[in-house]
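Shown next, in structure tokens, is the structure this report addresses.
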Number of protein chains: 4
Amino acid sequence: MSSETIRLLISCADTSGIIAAVAGFIAERNGNILEADQHTDPEHGAFFMRVEIDPTAFALTRENFAAEWQQVAQPFGMRWRVHWGSDIKRMAILVSKESHCLDDLLWRWRTGELHVELPLVISNHDDLREPAQACDVAYHHLPVTPETKPEQEGRILELLGEANVDFIVLARYMQILSPTVVDRYENRIINIHHSFLPAFSGPRPYRNAYERGVKIIGATSHYVTADLDAGPIIAQGTIPVDHRDSVHDLIRRGRDLERVVLASAVRSHVEDKILTSQNKTVVFA
Amino acid sequence: MSSETIRLLISCADTSGIIAAVAGFIAERNGNILEADQHTDPEHGAFFMRVEIDPTAFALTRENFAAEWQQVAQPFGMRWRVHWGSDIKRMAILVSKESHCLDDLLWRWRTGELHVELPLVISNHDDLREPAQACDVAYHHLPVTPETKPEQEGRILELLGEANVDFIVLARYMQILSPTVVDRYENRIINIHHSFLPAFSGPRPYRNAYERGVKIIGATSHYVTADLDAGPIIAQGTIPVDHRDSVHDLIRRGRDLERVVLASAVRSHVEDKILTSQNKTVVFA
Amino acid sequence: MSSETIRLLISCADTSGIIAAVAGFIAERNGNILEADQHTDPEHGAFFMRVEIDPTAFALTRENFAAEWQQVAQPFGMRWRVHWGSDIKRMAILVSKESHCLDDLLWRWRTGELHVELPLVISNHDDLREPAQACDVAYHHLPVTPETKPEQEGRILELLGEANVDFIVLARYMQILSPTVVDRYENRIINIHHSFLPAFSGPRPYRNAYERGVKIIGATSHYVTADLDAGPIIAQGTIPVDHRDSVHDLIRRGRDLERVVLASAVRSHVEDKILTSQNKTVVFA
Amino acid sequence: MSSETIRLLISCADTSGIIAAVAGFIAERNGNILEADQHTDPEHGAFFMRVEIDPTAFALTRENFAAEWQQVAQPFGMRWRVHWGSDIKRMAILVSKESHCLDDLLWRWRTGELHVELPLVISNHDDLREPAQACDVAYHHLPVTPETKPEQEGRILELLGEANVDFIVLARYMQILSPTVVDRYENRIINIHHSFLPAFSGPRPYRNAYERGVKIIGATSHYVTADLDAGPIIAQGTIPVDHRDSVHDLIRRGRDLERVVLASAVRSHVEDKILTSQNKTVVFA
């Protein structure tokens with residue numbers, strides 16, 4: 001049901017009367033507010049809001065919403081976007097060889113927990129073809145070498161465009177995407193990094209965590225930016241470890257964490273619960 | 001700063017336009033909404049809202065608020081209350097012999113983390129007189145036997161009344177309060193029970209948890225009702241334990257949990273973040 | 001590698017010299033101890049030990065171990081068992097309609113994380129045939145009605161016997177097994193219950209947790225005994241929830257917990273890390 | 001009771017027969033082993049062991065233990081130490097202005113949970129004199145400027161020496177100790193750092209965590225080495241945070257975490273449960 005709702009996301013400079021203006025606008029058009037969340041960042045004087053509207057009696061449609069909404073959005077100088085719940089988001093998954101995040105996303109998608117369309121999986125290896133195809137999802141194997149990388153990224157962009165993809169999940173994709181791709185899908189590429197960032201960014205985080213002798217390991221899901229592992233963090237999780245855990249144990253135990261943290265971030269994105277600002281996220285519950 | 005704000009708490013049957021009406025009412029009177037939280041319970045068709053208002057430019061005062069607010073509250077059939085932040089809540093603590101929850105509340109109070117006035121501590125034992133008096137808090141020792149219980153409860157009510165107490169914290173008070181006391185302070189008596197309720201209600205929860213061989217222990221803070229350990233739950237926490245933990249270890253480890261869970265519940269109460277309904281709580285973050 | 005080791009599990013009355021006797025026996029026969037764990041229960045005067053031995057140079061074999069070991073086991077009155085790591089345990093999974101625990105166990109088994117043989121899945125429904133058969137695991141559909149239950153349980157026992165099954169996982173199997181089955185596989189049937197036992201035993205724990213308004217939900221994995229949901233607890237986990245979570249949300253969020261808690265219990269069982277006593281478990285790390 | 005036991009800690013190159021030799025040596029001298037823990041680090045071929053012995057019937061004393069023990073220690077090339085439980089460890093606490101860790105340690109010490117002698121508290125400020133003196137603990141105020149630092153550190157060493165201190169807890173001491181002090185008390189200075197190291201080492205970790213937009217914060221207790229915040233980690237903990245948490249909230253919420261993580265590390269140290277190797281710790285449970 002929730003997937004059929006209208007979601008309106010707003011950010012602007014903080015001032016008086018924003019909630020009254022937004023709620024008044026919706027009420028006057030017979031919109032019932034099902035959920036309203038707001039956040040004020042006093043450090044930057046910024047205001048963030050998310051409203052979920054029951055579409056049943058709402059007087060506006062996707063055709064005429066923007067024009068009318070300007071009367072509220074303009075005076076407050078709002079950045080805003082609206083998502084019509086009947087539009088199912090289209091997700092692409094990029095993977096390398098590790099299967100656990102892909103398998104988990106496929107499972108959530110098959111059971112309907114993750115309410116998206118999934119037209120394709122792209123990988124620089126052929127290893128994970130079978131689970132994708134078992135779910136009737138197209139699998140594209142695009143091997144990458146330093147020489148072929150620009151060409152293959154071009155091919156990736158083509159495939160994403162042809163499939164009309166809304167957002168991309170890097171489910172343990174061990175390649176760095178070039179700025180061309182990152183810019184095209186700003187705040188729409190979700191990565192899972194297998195450490196509690198900012199600790200252990202870059203390669204081999206479990207090995208580095210082991211060497212440092214930490215007593216907790218973590219996983220971090222974030223939007224991808226041009227700076228490696230430095231984009232806005234969406235979700236993080238940690239689990240305790242101890243001296244008995246080998247690197248192999250950390251990898252094994254981390255898998256359970258990675259898939260849950262990634263799924264949580266993807267879910268928040270799909271439900272339009274994330275706003276970004278100052279390289280940080282507001283993630284409404 | 002937050003303690004000087006005006007907090008308005010509302011519950012009513014869910015319908016369209018509530019947020020617009022509330023936010024409009026406040027905006028028209030120059031109130032800036034600092035925080036707004038709402039919750040809809042679809043099972044019971046109930047709506048809950050908390051609004052925190054900057055008092056600086058707000059046109060209403062505690063003298064004229066209620067009269068004007070009726071124009072919103074009445075049509076929606078709202079139950080509501082307002083807290084003027086300049087009123088510091090007055091807290092009483094009831095204890096028996098265990099010191100950890102009292103010590104922790106005293107510490108949070110002394111350091112200003114817990115923004116309340118603390119006129120008195122009451123106990124059925126004399127053991128904890130020293131920490132209370134070291135903080136210049138009056139300590140009343142009212143021993144309780146089956147025979148003297150009614151009389152002593154009468155004395156407790158007198159003391160609470162004389163001290164003009166707003167709410168009561170049972171910081172490991174090992175006596176059951178009679179309905180007279182409970183009714184007088186409905187949703188204003190906060191207890192900490194040393195188990196994850198509803199498991200191990202009643203006496204000796206750590207011993208019973210040990211006997212059952214659980215792998216987690218918990219603590220629960222709840223409003224006190226006439227039914228023992230059955231009131232609306234405000235906050236809960238758990239920690240892992242294992243076969244090496246004796247009953248004594250559970251008691252020791254549980255102390256760290258109890259004081260944090262209780263402090264969290266008291267904080268939510270003090271900041272007027274709790275609404276109750278159907279023997280459950282809505283606790284805004 | 002660990003799967004090829006010899007594991008010796010011991011319990012007896014506590015006294016002096018047990019570790020010396022056990023370690024001395026092994027050292028004299030060129031056994032290198034890879035891991036040794038012990039636990040003393042002072043309340044019941046009970047001693048528990050687990051030793052993992054490198055088989056490479058060890059002088060004893062499965063043929064002559066028991067006879068020689070009597071010289072240690074007998075004087076101390078030990079209950080003991082030994083597992084030769086080259087014996088891969090044979091696991092059966094019983095399911096009803098919920099797929100998440102089955103899917104998770106299948107995934108761990110396919111990737112080699114769970115080092116068992118998996119000859120069959122049995123269900124009282126036909127819903128989960130596909131994931132089992134996609135992994136080339138036999139799927140037996142045995143519908144159960146009050147009338148056919150004795151007959152079908154007989155059939156289950158036959159299937160388990162024919163497949164030479166060592167232990168059984170109830171991966172959300174919504175039938176109560178009769179004492180005949182439970183006794184035959186004492187301490188070898190692992191159930192996952194979707195609550196933090198002893199709270200919310202019996203049917204519909206998420207609904208009951210929702211009604212009670214708890215702020216944490218849990219999952220419990222335990223050995224099955226004749227008393228419903230009352231057997232020795234192997235593993236438990238909890239996650240925080242709040243007033244926004246509907247029963248449906250609890251069910252969804254609980255799935256992530258159930259599969260991890262169940263997998264942890266199964267792993268401990270497969271690695272021979274569990275001893276039971278007094279309806280409780282010792283689970284070595 | 002546990003505090004009266006004899007604790008023997010061992011590390012050496014891994015080989016066969018160590019446990020048999022150790023347990024045999026103790027059994028032959030009528031020592032009952034109350035607890036035995038061991039760990040093998042396969043990467044470095046290192047073996048670690050901790051044995052807790054009931055002193056009641058044990059034939060050896062602190063006078064003749066070392067001489068006899070050489071027959072086991074020497075052939076295996078063991079590094080070892082023994083702690084006679086009747087020796088109560090002497091702890092010094094160094095603080096600056098933040099009270100929560102000091103208050104918590106004082107509370108655990110007063111209630112007997114932390115079984116140490118506490119001859120003195122040293123601070124570069126005078127702020128926390130009152131809680132120390134309220135517990136009859138000597139408080140030394142040694143203000144530090146860049147010019148006076150060497151002199152004041154000399155004075156600190158004098159005070160520690162005069163008080164015959166066994167180990168030092170930096171309970172939010174905001175000064176870097178010079179190598180002279182660190183070397184004198186190798187693996188005997190326990191610090192609490194208010195982040196999940198290695199993230200946010202150095203000053204202002206909560207501010208930096210806030211700027212980075214992390215969704216978890218942490219605390220780390222470690223032995224102090226010459227490299228700032230880089231010593232062997234003893235204990236870590238984390239708690240979830242979100243976009244609503246200001247820097248001030250992180251500081252407040254972090255306090256609850258810091259004091260528990262520090263207390264856990266101190267407890268492990270006091271009970272002789274920590275061995276160090278490769279700038280990492282083995283912390284037995």
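In the structure tokens, each chain is lettered A, B, ... as it comes, each chain's residues begin at 1, and ligands are numbered from 1 in order of appearance.
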Close residues, Val266 of chain D itself excluded, 10 Å, only C-alpha atoms, min 5 positions apart in chain, as number ranges by chain:
D: 91, 105, 114, 167-169, 189-191, 221-222, 234-235, 260-261, 271-272
If you keep all heavy atoms, can you produce a file of those selected residues as a short mmCIF file (atom, residue, chain, number, x, y, z; two decimals), in the first residue's frame?
data_model
loop_
_atom_site.label_atom_id
_atom_site.label_comp_id
_atom_site.auth_asym_id
_atom_site.auth_seq_id
_atom_site.Cartn_x
_atom_site.Cartn_y
_atom_site.Cartn_z
N MET D 91 45.65 1.18 41.67
CA MET D 91 45.27 1.92 40.46
C MET D 91 45.38 3.43 40.70
O MET D 91 44.93 3.91 41.73
CB MET D 91 43.82 1.55 40.10
CG MET D 91 43.21 2.33 38.94
SD MET D 91 41.55 1.68 38.45
CE MET D 91 40.48 2.51 39.62
N LEU D 105 34.14 5.18 37.60
CA LEU D 105 35.14 4.32 38.23
C LEU D 105 35.06 4.42 39.75
O LEU D 105 35.18 3.41 40.45
CB LEU D 105 36.55 4.71 37.75
CG LEU D 105 36.86 4.37 36.28
CD1 LEU D 105 38.18 5.00 35.86
CD2 LEU D 105 36.92 2.86 36.07
N LEU D 114 34.73 -3.05 41.42
CA LEU D 114 36.11 -2.96 40.92
C LEU D 114 37.05 -3.18 42.10
O LEU D 114 37.16 -2.33 42.98
CB LEU D 114 36.32 -1.57 40.30
CG LEU D 114 37.53 -1.34 39.43
CD1 LEU D 114 37.60 -2.36 38.30
CD2 LEU D 114 37.50 0.06 38.85
N PHE D 167 48.97 0.16 38.00
CA PHE D 167 48.53 0.55 36.66
C PHE D 167 47.77 1.87 36.73
O PHE D 167 47.35 2.30 37.81
CB PHE D 167 47.69 -0.56 36.00
CG PHE D 167 46.31 -0.70 36.56
CD1 PHE D 167 45.20 -0.23 35.86
CD2 PHE D 167 46.10 -1.34 37.77
CE1 PHE D 167 43.91 -0.37 36.36
CE2 PHE D 167 44.82 -1.49 38.28
CZ PHE D 167 43.72 -1.00 37.58
N ILE D 168 47.64 2.49 35.55
CA ILE D 168 47.12 3.86 35.46
C ILE D 168 45.95 3.87 34.49
O ILE D 168 46.02 3.27 33.42
CB ILE D 168 48.24 4.79 34.92
CG1 ILE D 168 49.45 4.75 35.84
CG2 ILE D 168 47.71 6.21 34.73
CD1 ILE D 168 50.74 5.19 35.14
N VAL D 169 44.89 4.55 34.88
CA VAL D 169 43.75 4.72 33.97
C VAL D 169 43.66 6.18 33.56
O VAL D 169 43.57 7.07 34.42
CB VAL D 169 42.44 4.28 34.64
CG1 VAL D 169 41.26 4.52 33.71
CG2 VAL D 169 42.52 2.81 35.05
N ILE D 189 49.04 1.24 31.17
CA ILE D 189 48.29 2.50 31.10
C ILE D 189 47.10 2.27 30.17
O ILE D 189 47.28 1.94 28.99
CB ILE D 189 49.16 3.65 30.57
CG1 ILE D 189 50.46 3.76 31.35
CG2 ILE D 189 48.37 4.96 30.62
CD1 ILE D 189 51.41 4.84 30.82
N ILE D 190 45.91 2.44 30.71
CA ILE D 190 44.68 2.19 29.94
C ILE D 190 44.03 3.53 29.63
O ILE D 190 43.71 4.30 30.53
CB ILE D 190 43.71 1.31 30.76
CG1 ILE D 190 44.35 -0.03 31.09
CG2 ILE D 190 42.40 1.12 30.01
CD1 ILE D 190 43.54 -0.88 32.07
N ASN D 191 43.80 3.79 28.35
CA ASN D 191 43.17 5.03 27.92
C ASN D 191 41.76 4.74 27.38
O ASN D 191 41.48 3.65 26.92
CB ASN D 191 44.01 5.68 26.80
CG ASN D 191 43.47 7.05 26.42
OD1 ASN D 191 43.08 7.84 27.27
ND2 ASN D 191 43.43 7.33 25.12
N SER D 221 38.89 1.53 24.26
CA SER D 221 39.84 1.53 25.36
C SER D 221 41.06 0.74 24.92
O SER D 221 40.93 -0.35 24.35
CB SER D 221 39.21 0.92 26.60
OG SER D 221 40.03 1.17 27.72
N HIS D 222 42.25 1.29 25.16
CA HIS D 222 43.47 0.67 24.66
C HIS D 222 44.64 0.94 25.60
O HIS D 222 44.60 1.89 26.38
CB HIS D 222 43.80 1.19 23.25
CG HIS D 222 44.07 2.66 23.21
ND1 HIS D 222 45.34 3.19 23.31
CD2 HIS D 222 43.24 3.73 23.12
CE1 HIS D 222 45.27 4.51 23.27
NE2 HIS D 222 44.00 4.87 23.15
N ILE D 234 41.79 -2.88 23.70
CA ILE D 234 41.29 -3.83 24.70
C ILE D 234 39.78 -4.04 24.54
O ILE D 234 39.29 -5.16 24.57
CB ILE D 234 41.58 -3.34 26.13
CG1 ILE D 234 43.07 -3.07 26.31
CG2 ILE D 234 41.08 -4.35 27.17
CD1 ILE D 234 43.41 -2.32 27.60
N ALA D 235 39.05 -2.96 24.37
CA ALA D 235 37.58 -3.05 24.29
C ALA D 235 37.06 -1.92 23.44
O ALA D 235 37.62 -0.82 23.43
CB ALA D 235 36.96 -2.99 25.69
N VAL D 260 31.25 2.67 30.06
CA VAL D 260 31.08 1.22 30.06
C VAL D 260 32.26 0.53 29.38
O VAL D 260 32.75 -0.50 29.85
CB VAL D 260 29.75 0.84 29.38
CG1 VAL D 260 29.66 -0.66 29.16
CG2 VAL D 260 28.57 1.31 30.23
N VAL D 261 32.72 1.09 28.28
CA VAL D 261 33.86 0.49 27.57
C VAL D 261 35.12 0.57 28.43
O VAL D 261 35.87 -0.40 28.55
CB VAL D 261 34.07 1.19 26.21
CG1 VAL D 261 35.38 0.78 25.57
CG2 VAL D 261 32.89 0.88 25.27
N GLU D 271 41.59 -8.33 36.37
CA GLU D 271 41.46 -9.79 36.52
C GLU D 271 42.52 -10.54 35.73
O GLU D 271 42.41 -11.75 35.55
CB GLU D 271 40.05 -10.22 36.09
CG GLU D 271 38.97 -9.61 36.98
CD GLU D 271 37.57 -10.11 36.65
OE1 GLU D 271 37.40 -10.72 35.57
OE2 GLU D 271 36.66 -9.88 37.47
N ASP D 272 43.52 -9.83 35.25
CA ASP D 272 44.65 -10.47 34.54
C ASP D 272 44.16 -11.30 33.37
O ASP D 272 44.57 -12.44 33.20
CB ASP D 272 45.46 -11.34 35.51
CG ASP D 272 46.05 -10.54 36.66
OD1 ASP D 272 46.90 -9.67 36.37
OD2 ASP D 272 45.63 -10.73 37.82
#
Can you list every residue in segment 62-280 of chain C that DSSP puts in helix (DSSP H, G or I), as JSON, numbers by chain?
{"C": [65, 66, 67, 68, 69, 70, 71, 72, 73, 74, 75, 76, 100, 101, 102, 103, 104, 105, 106, 107, 108, 109, 110, 129, 130, 131, 132, 133, 134, 149, 150, 151, 152, 153, 154, 155, 156, 157, 158, 159, 160, 161, 162, 179, 180, 181, 182, 183, 184, 205, 206, 207, 208, 209, 210, 211, 212, 247, 248, 249, 250, 251, 252, 253, 254, 255, 256, 257, 258, 259, 260, 261, 262, 263, 264, 265, 266, 267, 268, 269, 270]}
Up to 9 Å from chain B, what residues of chain D turn up? Count only C-alpha atoms and give them as a count of residues only.
13
Would you list the contacts of Val144 of chain A as a ChimeraX atom specification, taking every protein, DNA or RNA residue within 10 Å and counting only C-alpha atoms, but skipping same-chain residues closer than 2 positions in sequence?
/A:123-125,141-142,146-153,175
Need the shell around Phe65 of chain D: protein/DNA/RNA residues with any atom at most 12 Å away, counting only C-alpha atoms. Skip same-chain ones fewer than 3 positions apart. Format as a compact mmCIF listing (two decimals) with N, CA, C and O atoms, in the first residue's frame?
# COMPACT_ATOMS: atom_id res chain seq x y z
N ILE D 6 44.96 -17.63 42.10
CA ILE D 6 46.27 -17.42 41.47
C ILE D 6 46.06 -17.43 39.96
O ILE D 6 45.40 -18.33 39.43
N LEU D 8 47.91 -17.38 36.23
CA LEU D 8 49.15 -17.61 35.51
C LEU D 8 48.92 -17.30 34.04
O LEU D 8 48.01 -17.87 33.43
N PHE D 25 51.79 -29.95 35.58
CA PHE D 25 52.58 -29.28 36.62
C PHE D 25 51.69 -28.84 37.78
O PHE D 25 52.02 -29.03 38.95
N ILE D 26 50.53 -28.28 37.44
CA ILE D 26 49.64 -27.76 38.48
C ILE D 26 48.99 -28.90 39.25
O ILE D 26 48.91 -28.88 40.49
N ARG D 29 50.98 -30.61 41.86
CA ARG D 29 51.18 -29.79 43.08
C ARG D 29 49.84 -29.46 43.75
O ARG D 29 49.72 -28.45 44.45
N PHE D 58 47.10 -25.69 46.91
CA PHE D 58 48.24 -25.60 46.00
C PHE D 58 49.55 -25.62 46.79
O PHE D 58 49.71 -24.90 47.78
N ALA D 59 50.49 -26.45 46.32
CA ALA D 59 51.70 -26.70 47.11
C ALA D 59 52.72 -25.57 46.99
O ALA D 59 53.65 -25.49 47.81
N LEU D 60 52.58 -24.70 45.99
CA LEU D 60 53.60 -23.67 45.79
C LEU D 60 53.17 -22.33 46.38
O LEU D 60 51.98 -22.05 46.52
N THR D 61 54.16 -21.51 46.68
CA THR D 61 53.92 -20.18 47.23
C THR D 61 54.62 -19.16 46.34
O THR D 61 55.39 -19.52 45.45
N ARG D 62 54.37 -17.93 46.60
CA ARG D 62 55.03 -16.91 45.77
C ARG D 62 56.54 -16.96 45.94
O ARG D 62 57.27 -16.50 45.08
N GLU D 68 60.46 -23.46 40.64
CA GLU D 68 59.93 -24.75 40.16
C GLU D 68 59.34 -24.64 38.76
O GLU D 68 59.48 -25.53 37.93
N TRP D 69 58.64 -23.53 38.54
CA TRP D 69 57.95 -23.32 37.27
C TRP D 69 58.93 -23.30 36.10
O TRP D 69 58.55 -23.60 34.95
N GLN D 70 60.19 -22.97 36.35
CA GLN D 70 61.18 -22.94 35.27
C GLN D 70 61.24 -24.26 34.52
O GLN D 70 61.54 -24.28 33.33
N GLN D 71 60.97 -25.35 35.19
CA GLN D 71 61.06 -26.65 34.49
C GLN D 71 60.03 -26.78 33.38
O GLN D 71 60.20 -27.57 32.46
N VAL D 72 58.93 -26.00 33.48
CA VAL D 72 57.97 -25.96 32.36
C VAL D 72 58.28 -24.77 31.45
O VAL D 72 58.32 -24.89 30.22
N ALA D 73 58.51 -23.63 32.06
CA ALA D 73 58.64 -22.39 31.29
C ALA D 73 59.85 -22.41 30.37
O ALA D 73 59.79 -21.93 29.24
N ARG D 81 53.77 -14.58 33.47
CA ARG D 81 53.68 -13.84 34.73
C ARG D 81 52.61 -14.50 35.59
O ARG D 81 51.71 -15.17 35.09
N VAL D 82 52.77 -14.34 36.88
CA VAL D 82 51.80 -14.93 37.80
C VAL D 82 51.30 -13.82 38.71
O VAL D 82 52.05 -12.92 39.10
N HIS D 83 50.00 -13.85 38.99
CA HIS D 83 49.43 -12.88 39.92
C HIS D 83 48.81 -13.62 41.09
O HIS D 83 47.96 -14.50 40.90
N TRP D 84 49.25 -13.29 42.27
CA TRP D 84 48.68 -13.90 43.48
C TRP D 84 47.51 -13.05 43.91
O TRP D 84 47.65 -11.88 44.24
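Going from atom CA of Phe47 of chain B to atom CA of Ser268 of chain B covers 19.3 Å.
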Atom CA of Val51 of chain D to atom CA of Asp37 of chain D, distance in Å rounded to a single decimal:
6.5 Å
Compile the contact shell of Ile233 of chain B as a VMD selection string: residues with an atom at most 12 Å away, counting only C-alpha atoms, same-chain residues fewer than 6 positions apart removed.
(chain B and resid 187 189 to 193 196 to 198 219 to 225 261 to 262 265 274 to 283) or (chain C and resid 209 to 216 241 to 243)
Mind giving me the straight-line distance from atom CA of Asp227 of chain D to atom CA of Glu98 of chain D in Å, one decimal?
23.1 Å
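For segment 173-219 of chain B, a DSSP pass over the backbone yields strand (DSSP E) at Ile189, Ile190, Asn191, Ile192, His193, Ile216, Ile217, Gly218 and Ala219 of chain B.
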